file data_7.csv (CSV, C-alpha atoms)
chain,number,residue,atom,x,y,z
A,1,MET,CA,125.2,85.9,-60.2
A,2,GLU,CA,124.8,82.6,-58.5
A,3,GLU,CA,126.8,79.8,-60.1
A,4,SER,CA,124.7,77.0,-58.7
A,5,ASP,CA,121.2,78.0,-57.9
A,6,ASP,CA,118.7,75.1,-57.7
A,7,ARG,CA,115.7,77.3,-56.8
A,8,PRO,CA,113.0,77.3,-59.5
A,9,VAL,CA,113.0,80.0,-62.1
A,10,ARG,CA,110.3,82.5,-61.2
A,11,ALA,CA,110.4,84.4,-64.5
A,12,THR,CA,112.2,84.8,-67.8
A,13,GLY,CA,112.5,87.7,-70.1
A,14,ARG,CA,114.4,89.3,-73.0
A,15,CYS,CA,114.8,92.4,-75.1
A,16,LEU,CA,112.9,92.8,-78.4
A,17,CYS,CA,115.7,91.4,-80.6
A,18,GLY,CA,116.6,88.6,-78.1
A,19,ALA,CA,120.3,89.6,-77.8
A,20,ILE,CA,119.8,90.0,-74.0
A,21,HIS,CA,117.9,87.4,-72.0
A,22,PHE,CA,117.6,86.6,-68.4
A,23,GLU,CA,116.1,84.3,-65.7
A,24,ILE,CA,115.0,85.4,-62.3
A,25,ARG,CA,114.8,83.2,-59.2
A,26,GLY,CA,113.1,84.1,-55.9
A,27,PRO,CA,110.2,86.6,-55.5
A,28,LEU,CA,109.5,89.6,-57.7
A,29,ARG,CA,108.1,92.8,-56.5
A,30,ASP,CA,104.6,93.8,-57.6
A,31,VAL,CA,104.6,96.2,-60.6
A,32,VAL,CA,104.8,99.9,-60.1
A,33,VAL,CA,104.2,102.5,-62.9
A,34,CYS,CA,106.6,105.5,-62.8
A,35,HIS,CA,105.3,108.9,-64.1
A,36,CYS,CA,108.6,110.9,-63.7
A,37,GLY,CA,109.9,112.9,-66.6
A,38,GLN,CA,113.1,110.9,-66.9
A,39,CYS,CA,111.4,107.6,-67.3
A,40,ARG,CA,108.9,109.1,-69.7
A,41,ARG,CA,111.6,110.4,-72.0
A,42,GLN,CA,113.7,107.3,-71.9
A,43,HIS,CA,110.8,104.8,-72.4
A,44,GLY,CA,108.7,107.1,-74.6
A,45,ALA,CA,105.8,106.5,-72.2
A,46,PRO,CA,105.4,105.8,-68.5
A,47,PRO,CA,107.0,102.5,-67.7
A,48,SER,CA,106.0,99.5,-65.6
A,49,TYR,CA,108.7,98.0,-63.4
A,50,THR,CA,109.1,95.0,-61.1
A,51,ALA,CA,112.2,94.5,-59.1
A,52,ALA,CA,114.6,91.9,-57.6
A,53,PRO,CA,118.1,91.5,-56.1
A,54,TRP,CA,120.8,91.3,-58.8
A,55,SER,CA,122.0,88.1,-57.1
A,56,ASN,CA,118.7,86.4,-58.2
A,57,ILE,CA,119.2,87.3,-61.9
A,58,LYS,CA,121.1,85.2,-64.4
A,59,LEU,CA,121.8,87.4,-67.4
A,60,GLY,CA,122.7,86.2,-70.9
A,61,GLY,CA,124.1,88.5,-73.6
A,62,ALA,CA,125.4,91.0,-71.1
A,63,SER,CA,127.9,92.3,-73.7
A,64,HIS,CA,124.9,93.8,-75.5
A,65,LEU,CA,123.7,95.7,-72.4
A,66,LYS,CA,124.6,99.4,-72.4
A,67,TRP,CA,124.2,101.6,-69.3
A,68,TYR,CA,123.3,105.3,-69.3
A,69,GLN,CA,123.7,107.0,-65.9
A,70,SER,CA,120.7,109.3,-65.8
A,71,SER,CA,121.3,110.8,-62.4
A,72,GLU,CA,123.9,110.6,-59.6
A,73,GLN,CA,121.9,107.8,-58.0
A,74,ALA,CA,120.7,105.7,-60.9
A,75,ARG,CA,121.5,104.2,-64.3
A,76,ARG,CA,119.4,102.7,-67.0
A,77,GLY,CA,120.2,99.6,-69.0
A,78,PHE,CA,119.2,99.0,-72.6
A,79,CYS,CA,120.1,96.8,-75.5
A,80,ARG,CA,122.5,98.4,-77.8
A,81,ILE,CA,121.2,96.5,-80.8
A,82,CYS,CA,117.4,97.0,-80.5
A,83,GLY,CA,117.2,99.8,-77.9
A,84,SER,CA,114.9,97.9,-75.5
A,85,SER,CA,114.7,99.3,-72.0
A,86,LEU,CA,115.4,96.6,-69.6
A,87,PHE,CA,116.8,97.8,-66.2
A,88,TRP,CA,116.8,100.7,-63.8
A,89,GLU,CA,119.4,100.4,-61.1
A,90,PRO,CA,119.9,102.5,-58.0
A,91,ILE,CA,123.7,102.4,-58.1
A,92,GLY,CA,125.3,100.3,-55.4
A,93,SER,CA,121.9,99.0,-54.0
A,94,GLY,CA,122.4,95.4,-55.1
A,95,ARG,CA,118.8,95.6,-56.5
A,96,VAL,CA,117.5,96.4,-59.9
A,97,SER,CA,114.1,97.3,-61.3
A,98,ILE,CA,113.2,95.2,-64.4
A,99,ALA,CA,110.9,96.5,-67.1
A,100,ALA,CA,107.8,94.4,-66.8
A,101,GLY,CA,107.3,94.5,-70.6
A,102,SER,CA,110.5,92.5,-71.0
A,103,LEU,CA,109.1,89.5,-69.1
A,104,ASN,CA,107.6,86.5,-70.9
A,105,LYS,CA,104.0,85.7,-70.2
A,106,PRO,CA,102.6,84.6,-67.9
A,107,THR,CA,104.3,86.9,-65.4
A,108,GLY,CA,101.9,86.3,-62.5
A,109,LEU,CA,102.4,89.9,-61.6
A,110,ARG,CA,99.9,92.7,-60.9
A,111,THR,CA,100.3,96.5,-61.0
A,112,ILE,CA,99.7,97.9,-57.5
A,113,ARG,CA,100.8,101.6,-57.5
A,114,HIS,CA,101.7,104.7,-59.5
A,115,ILE,CA,104.6,106.8,-58.4
A,116,PHE,CA,105.9,110.3,-59.2
A,117,VAL,CA,102.4,111.3,-60.2
A,118,SER,CA,103.3,114.9,-59.4
A,119,ASP,CA,105.4,114.8,-62.6
A,120,LYS,CA,102.8,113.1,-64.8
A,121,ALA,CA,102.4,114.3,-68.4
A,122,ASP,CA,99.3,115.9,-69.8
A,123,PHE,CA,98.6,113.4,-72.6
A,124,TYR,CA,97.0,110.6,-70.5
A,125,GLU,CA,94.9,110.1,-67.3
A,126,ILE,CA,95.3,107.5,-64.6
A,127,THR,CA,92.0,105.7,-64.5
A,128,ASP,CA,92.7,102.3,-62.9
A,129,GLY,CA,91.9,103.3,-59.3
A,130,LEU,CA,95.2,102.1,-57.9
A,131,GLU,CA,97.2,103.9,-55.3
A,132,GLN,CA,98.9,107.1,-56.5
A,133,LEU,CA,102.0,108.6,-54.8
A,134,PRO,CA,103.2,112.2,-55.6
A,135,TYR,CA,106.8,111.0,-55.5
A,136,SER,CA,108.3,107.7,-54.7
A,137,MET,CA,107.7,105.7,-51.5
A,138,THR,CA,108.5,108.7,-49.5
A,139,ALA,CA,108.7,112.4,-50.3
A,140,PRO,CA,112.1,113.6,-51.6
A,141,ALA,CA,114.5,115.2,-49.2
A,142,THR,CA,114.1,119.0,-49.2
B,1,MET,CA,95.5,125.5,-86.1
B,2,ASN,CA,99.2,125.5,-86.7
B,3,ARG,CA,101.7,124.5,-84.1
B,4,ARG,CA,105.3,123.3,-83.7
B,5,THR,CA,106.2,120.3,-81.6
B,6,THR,CA,109.7,119.9,-80.1
B,7,GLY,CA,111.2,117.0,-78.3
B,8,GLY,CA,114.2,114.8,-77.9
B,9,CYS,CA,115.9,112.0,-75.9
B,10,LEU,CA,116.7,112.0,-72.2
B,11,CYS,CA,120.4,112.9,-72.7
B,12,GLY,CA,119.8,115.6,-75.4
B,13,SER,CA,121.9,114.0,-78.1
B,14,VAL,CA,118.9,113.7,-80.4
B,15,ARG,CA,116.4,116.6,-80.8
B,16,TYR,CA,113.6,117.1,-83.2
B,17,GLU,CA,111.1,119.7,-84.3
B,18,ILE,CA,107.8,118.9,-86.2
B,19,GLU,CA,106.0,121.6,-88.1
B,20,GLY,CA,102.3,121.7,-88.1
B,21,PRO,CA,99.5,120.1,-86.1
B,22,LEU,CA,99.6,116.4,-85.0
B,23,PRO,CA,96.7,114.0,-84.9
B,24,PRO,CA,95.6,112.5,-81.6
B,25,ALA,CA,97.7,109.6,-80.3
B,26,SER,CA,97.2,105.8,-80.3
B,27,ALA,CA,98.3,103.6,-77.4
B,28,CYS,CA,99.6,100.3,-78.6
B,29,HIS,CA,99.5,97.3,-76.3
B,30,CYS,CA,101.4,94.9,-78.6
B,31,GLU,CA,104.2,92.7,-77.4
B,32,ARG,CA,106.8,94.4,-79.6
B,33,CYS,CA,106.0,97.9,-78.2
B,34,ARG,CA,105.9,96.4,-74.7
B,35,ARG,CA,109.3,94.7,-75.0
B,36,TRP,CA,110.9,97.7,-76.7
B,37,GLN,CA,109.6,100.4,-74.5
B,38,GLY,CA,108.8,98.6,-71.2
B,39,ALA,CA,105.6,100.6,-71.5
B,40,LEU,CA,102.7,101.2,-73.9
B,41,GLY,CA,103.6,102.5,-77.3
B,42,ILE,CA,102.0,106.0,-77.3
B,43,TYR,CA,102.5,107.6,-80.7
B,44,SER,CA,101.3,110.4,-82.9
B,45,LEU,CA,102.6,110.9,-86.5
B,46,ALA,CA,103.4,113.3,-89.2
B,47,PRO,CA,104.8,113.3,-92.8
B,48,SER,CA,108.6,112.7,-92.6
B,49,ASP,CA,109.3,115.9,-94.4
B,50,ARG,CA,107.8,117.9,-91.5
B,51,TYR,CA,110.5,116.7,-89.1
B,52,LYS,CA,113.9,118.4,-88.5
B,53,ILE,CA,116.1,116.0,-86.6
B,54,LYS,CA,119.3,117.1,-85.0
B,55,GLY,CA,122.0,114.7,-83.8
B,56,GLN,CA,121.2,112.0,-86.4
B,57,ARG,CA,124.5,110.3,-85.8
B,58,HIS,CA,123.2,109.4,-82.4
B,59,LEU,CA,120.0,108.0,-83.8
B,60,ALA,CA,120.1,104.2,-84.1
B,61,TRP,CA,117.5,102.2,-86.0
B,62,TYR,CA,116.4,98.6,-85.4
B,63,GLU,CA,114.2,96.7,-87.9
B,64,SER,CA,111.7,95.0,-85.6
B,65,SER,CA,109.7,93.3,-88.4
B,66,PRO,CA,110.0,93.4,-92.2
B,67,GLY,CA,109.6,97.0,-93.3
B,68,ILE,CA,109.1,98.4,-89.8
B,69,ARG,CA,112.0,100.1,-88.0
B,70,ARG,CA,112.3,101.7,-84.6
B,71,GLY,CA,114.5,104.7,-83.8
B,72,PHE,CA,116.3,105.2,-80.5
B,73,CYS,CA,119.2,107.3,-79.0
B,74,ARG,CA,122.3,105.1,-79.0
B,75,VAL,CA,123.7,107.1,-76.0
B,76,CYS,CA,120.8,107.0,-73.5
B,77,GLY,CA,118.5,104.4,-75.1
B,78,SER,CA,115.5,106.8,-75.4
B,79,LYS,CA,112.7,105.5,-77.6
B,80,LEU,CA,111.8,108.2,-80.2
B,81,PHE,CA,110.4,106.9,-83.6
B,82,TRP,CA,108.5,104.1,-85.3
B,83,GLU,CA,108.5,104.0,-89.1
B,84,ARG,CA,106.8,101.9,-91.8
B,85,MET,CA,109.7,102.3,-94.3
B,86,GLY,CA,108.7,103.9,-97.5
B,87,SER,CA,105.4,105.3,-96.2
B,88,GLY,CA,106.7,108.9,-96.0
B,89,GLN,CA,105.3,109.1,-92.4
B,90,LEU,CA,107.1,108.9,-89.1
B,91,ASP,CA,105.5,108.0,-85.8
B,92,VAL,CA,106.9,109.8,-82.7
B,93,THR,CA,106.6,108.8,-79.0
B,94,LEU,CA,104.6,111.3,-76.9
B,95,GLY,CA,106.9,110.7,-74.0
B,96,SER,CA,109.8,112.2,-75.9
B,97,MET,CA,107.9,115.5,-76.5
B,98,ASP,CA,108.7,118.6,-74.5
B,99,PRO,CA,105.7,119.2,-72.1
B,100,PRO,CA,103.0,120.4,-72.3
B,101,VAL,CA,102.3,118.0,-75.1
B,102,GLY,CA,98.8,119.1,-75.8
B,103,LEU,CA,97.6,115.8,-77.4
B,104,LYS,CA,95.2,113.2,-76.1
B,105,ILE,CA,95.1,109.4,-76.7
B,106,GLU,CA,92.2,108.6,-78.9
B,107,LYS,CA,92.6,104.9,-79.6
B,108,GLN,CA,93.7,101.9,-77.7
B,109,ILE,CA,95.1,99.3,-80.2
B,110,LYS,CA,96.2,95.6,-79.9
B,111,THR,CA,94.6,95.4,-76.4
B,112,GLU,CA,94.2,91.6,-77.0
B,113,ASP,CA,98.0,91.4,-76.8
B,114,ALA,CA,98.3,93.4,-73.6
B,115,GLY,CA,100.7,92.5,-70.8
B,116,ASP,CA,99.1,90.3,-68.1
B,117,TYR,CA,100.2,92.6,-65.2
B,118,TYR,CA,97.5,95.3,-66.0
B,119,ASP,CA,94.0,95.6,-67.4
B,120,PRO,CA,94.0,97.6,-70.6
B,121,PRO,CA,91.3,100.3,-71.0
B,122,PRO,CA,88.2,99.2,-73.0
call {"tool": "encode", "arguments": {"input": "data_7.csv", "output": "structure tokens"}}
result
Amino acid sequence: MEESDDRPVRATGRCLCGAIHFEIRGPLRDVVVCHCGQCRRQHGAPPSYTAAPWSNIKLGGASHLKWYQSSEQARRGFCRICGSSLFWEPIGSGRVSIAAGSLNKPTGLRTIRHIFVSDKADFYEITDGLEQLPYSMTAPAT
Amino acid sequence: MNRRTTGGCLCGSVRYEIEGPLPPASACHCERCRRWQGALGIYSLAPSDRYKIKGQRHLAWYESSPGIRRGFCRVCGSKLFWERMGSGQLDVTLGSMDPPVGLKIEKQIKTEDAGDYYDPPP
């Protein structure tokens, strides 16, 4: 976290109860919808994520943030009071995905892509015409 | 048609079974669902007495507005339930159900409150 950062705030956000809140400076990645089974279970539906470097995020109420390590590579951050899903972090990457739903409007963001479509559930269809990838940006290692 | 639905959270601490058929789902675009889930709120529902919930000590509840509470796993944060307290009904997220779910989304609700980073279906 930068102690003195005079760049303008690009976006602000919070969990449902407001115990955790944050400011983001610098650019935000366009929104990607993940259709993997882990995201679906944890969010209760396929989530939409933007992303940014941790160093661009100023986090308030961090003592309320609980992490659950959902795989060897990644952990998921949620509010221990209200349960809101906020973050997905590839551990050690220095970057974090931020649940777009936690951002205050206007976000100025657009959804550009669907990922892990090969793992999509049967209770909805993707009808927005956006790019669909079977896995993530690249196929998983075999 | 009778059926039994099973599901649970990502870490497996909370598991549930629902006896009997479930109605088609609604997809809620409201700000509370969006902030809570980071996604649409896609729910079906059943009378509370048709649920068997295991791991209740891991189930946390948050009252998100007067008389409405939301249930999640305190270990992994998975979003499971939405309840109008005293109604005798419990809403359940489709994402927490074991696939194949076998339900469809019939209604889009609160689309006027949708996030600005996507276009809600009509």
call {"tool": "interface_residues", "arguments": {"input": "data_7.csv", "of": "chain B", "to": "chain A", "cutoff": "9 Å", "atoms": "only C-alpha atoms", "output": "JSON, numbers by chain"}}
result
{"B": [8, 9, 10, 11, 25, 31, 32, 33, 34, 35, 36, 37, 38, 39, 40, 41, 42, 43, 60, 61, 62, 63, 64, 70, 71, 72, 73, 74, 75, 76, 77, 78, 79, 80, 92, 93, 94, 95, 96, 97, 99, 100, 101, 102, 103, 104, 105, 115, 116, 117, 118, 119, 121]}
call {"tool": "residues_around", "arguments": {"input": "data_7.csv", "residues": "Ile126 of chain A", "least_positions_apart": "5", "cutoff": "10 Å", "atoms": "only C-alpha atoms", "output": "short mmCIF file (atom, residue, chain, number, x, y, z; two decimals) with C-alpha atoms, in the frame of the given file"}}
result
data_model
loop_
_atom_site.label_atom_id
_atom_site.label_comp_id
_atom_site.auth_asym_id
_atom_site.auth_seq_id
_atom_site.Cartn_x
_atom_site.Cartn_y
_atom_site.Cartn_z
CA HIS A 114 101.70 104.70 -59.50
CA VAL A 117 102.40 111.30 -60.20
CA LYS A 120 102.80 113.10 -64.80
CA GLN A 132 98.90 107.10 -56.50
#
call {"tool": "closest_residue", "arguments": {"input": "data_7.csv", "among": "B:Ala46, B:Leu22, B:Ile68, B:Ile53", "to": "Gly88 of chain B", "atoms": "only C-alpha atoms"}}
result
B:Ala46
call {"tool": "atom_distance", "arguments": {"input": "data_7.csv", "atom1": "atom CA of Gly61 of chain A", "atom2": "atom CA of Cys30 of chain B"}}
result
24.1 Å
call {"tool": "residues_around", "arguments": {"input": "data_7.csv", "residues": "Gln108 of chain B", "least_positions_apart": "6", "cutoff": "8 Å", "atoms": "only C-alpha atoms", "output": "number ranges by chain"}}
result
B: 26-29, 121-122
call {"tool": "write_last_selection", "arguments": {"input": "data_7.csv", "atoms": "C-alpha atoms", "output": "mmCIF file, keeping the file's coordinate frame"}}
result
data_model
loop_
_atom_site.group_PDB
_atom_site.id
_atom_site.type_symbol
_atom_site.label_atom_id
_atom_site.label_comp_id
_atom_site.auth_asym_id
_atom_site.auth_seq_id
_atom_site.Cartn_x
_atom_site.Cartn_y
_atom_site.Cartn_z
ATOM 1 C CA SER B 26 97.200 105.800 -80.300
ATOM 2 C CA ALA B 27 98.300 103.600 -77.400
ATOM 3 C CA CYS B 28 99.600 100.300 -78.600
ATOM 4 C CA HIS B 29 99.500 97.300 -76.300
ATOM 5 C CA PRO B 121 91.300 100.300 -71.000
ATOM 6 C CA PRO B 122 88.200 99.200 -73.000
#
call {"tool": "build_atoms", "arguments": {"input": "data_7.csv", "residues": "segment 23-48 of chain A", "atoms": "N, CA and C atoms", "output": "compact mmCIF listing (two decimals), in the frame of the given file"}}
result
# COMPACT_ATOMS: atom_id res chain seq x y z
N GLU A 23 116.98 85.11 -66.57
CA GLU A 23 116.10 84.30 -65.70
C GLU A 23 116.19 84.90 -64.31
N ILE A 24 115.05 84.87 -63.63
CA ILE A 24 115.00 85.40 -62.30
C ILE A 24 114.49 84.32 -61.34
N ARG A 25 115.21 84.13 -60.25
CA ARG A 25 114.80 83.20 -59.20
C ARG A 25 114.36 84.03 -57.99
N GLY A 26 113.55 83.42 -57.12
CA GLY A 26 113.10 84.10 -55.90
C GLY A 26 111.95 85.08 -56.28
N PRO A 27 111.44 85.79 -55.27
CA PRO A 27 110.20 86.60 -55.50
C PRO A 27 110.51 87.85 -56.32
N LEU A 28 109.46 88.29 -57.01
CA LEU A 28 109.50 89.60 -57.70
C LEU A 28 108.56 90.55 -57.06
N ARG A 29 108.98 91.79 -57.01
CA ARG A 29 108.10 92.80 -56.50
C ARG A 29 106.91 93.05 -57.38
N ASP A 30 105.78 93.44 -56.80
CA ASP A 30 104.60 93.80 -57.60
C ASP A 30 105.04 94.99 -58.54
N VAL A 31 104.24 95.20 -59.58
CA VAL A 31 104.60 96.20 -60.60
C VAL A 31 104.16 97.59 -60.19
N VAL A 32 105.07 98.54 -60.41
CA VAL A 32 104.80 99.90 -60.10
C VAL A 32 105.02 100.73 -61.42
N VAL A 33 104.12 101.65 -61.70
CA VAL A 33 104.20 102.50 -62.90
C VAL A 33 104.85 103.84 -62.46
N CYS A 34 105.91 104.24 -63.16
CA CYS A 34 106.60 105.50 -62.80
C CYS A 34 106.19 106.59 -63.81
N HIS A 35 105.79 107.75 -63.29
CA HIS A 35 105.30 108.90 -64.10
C HIS A 35 106.34 110.01 -64.17
N CYS A 36 107.59 109.76 -63.75
CA CYS A 36 108.60 110.90 -63.70
C CYS A 36 109.01 111.20 -65.16
N GLY A 37 109.50 112.42 -65.31
CA GLY A 37 109.90 112.90 -66.60
C GLY A 37 111.05 112.13 -67.24
N GLN A 38 111.98 111.68 -66.41
CA GLN A 38 113.10 110.90 -66.90
C GLN A 38 112.70 109.59 -67.52
N CYS A 39 111.86 108.86 -66.77
CA CYS A 39 111.40 107.60 -67.30
C CYS A 39 110.56 107.80 -68.57
N ARG A 40 109.73 108.84 -68.57
CA ARG A 40 108.90 109.10 -69.70
C ARG A 40 109.70 109.33 -70.98
N ARG A 41 110.76 110.13 -70.85
CA ARG A 41 111.60 110.40 -72.00
C ARG A 41 112.34 109.14 -72.48
N GLN A 42 112.87 108.40 -71.52
CA GLN A 42 113.70 107.30 -71.90
C GLN A 42 112.88 106.14 -72.50
N HIS A 43 111.69 105.89 -71.92
CA HIS A 43 110.80 104.80 -72.40
C HIS A 43 109.92 105.27 -73.55
N GLY A 44 109.69 106.57 -73.64
CA GLY A 44 108.70 107.10 -74.60
C GLY A 44 107.31 107.06 -74.11
N ALA A 45 107.11 106.61 -72.87
CA ALA A 45 105.80 106.50 -72.20
C ALA A 45 106.07 106.10 -70.77
N PRO A 46 105.10 106.24 -69.86
CA PRO A 46 105.40 105.80 -68.50
C PRO A 46 105.58 104.33 -68.33
N PRO A 47 106.71 103.91 -67.79
CA PRO A 47 107.00 102.50 -67.70
C PRO A 47 106.49 101.76 -66.52
N SER A 48 106.38 100.45 -66.66
CA SER A 48 106.00 99.50 -65.60
C SER A 48 107.20 98.71 -65.17
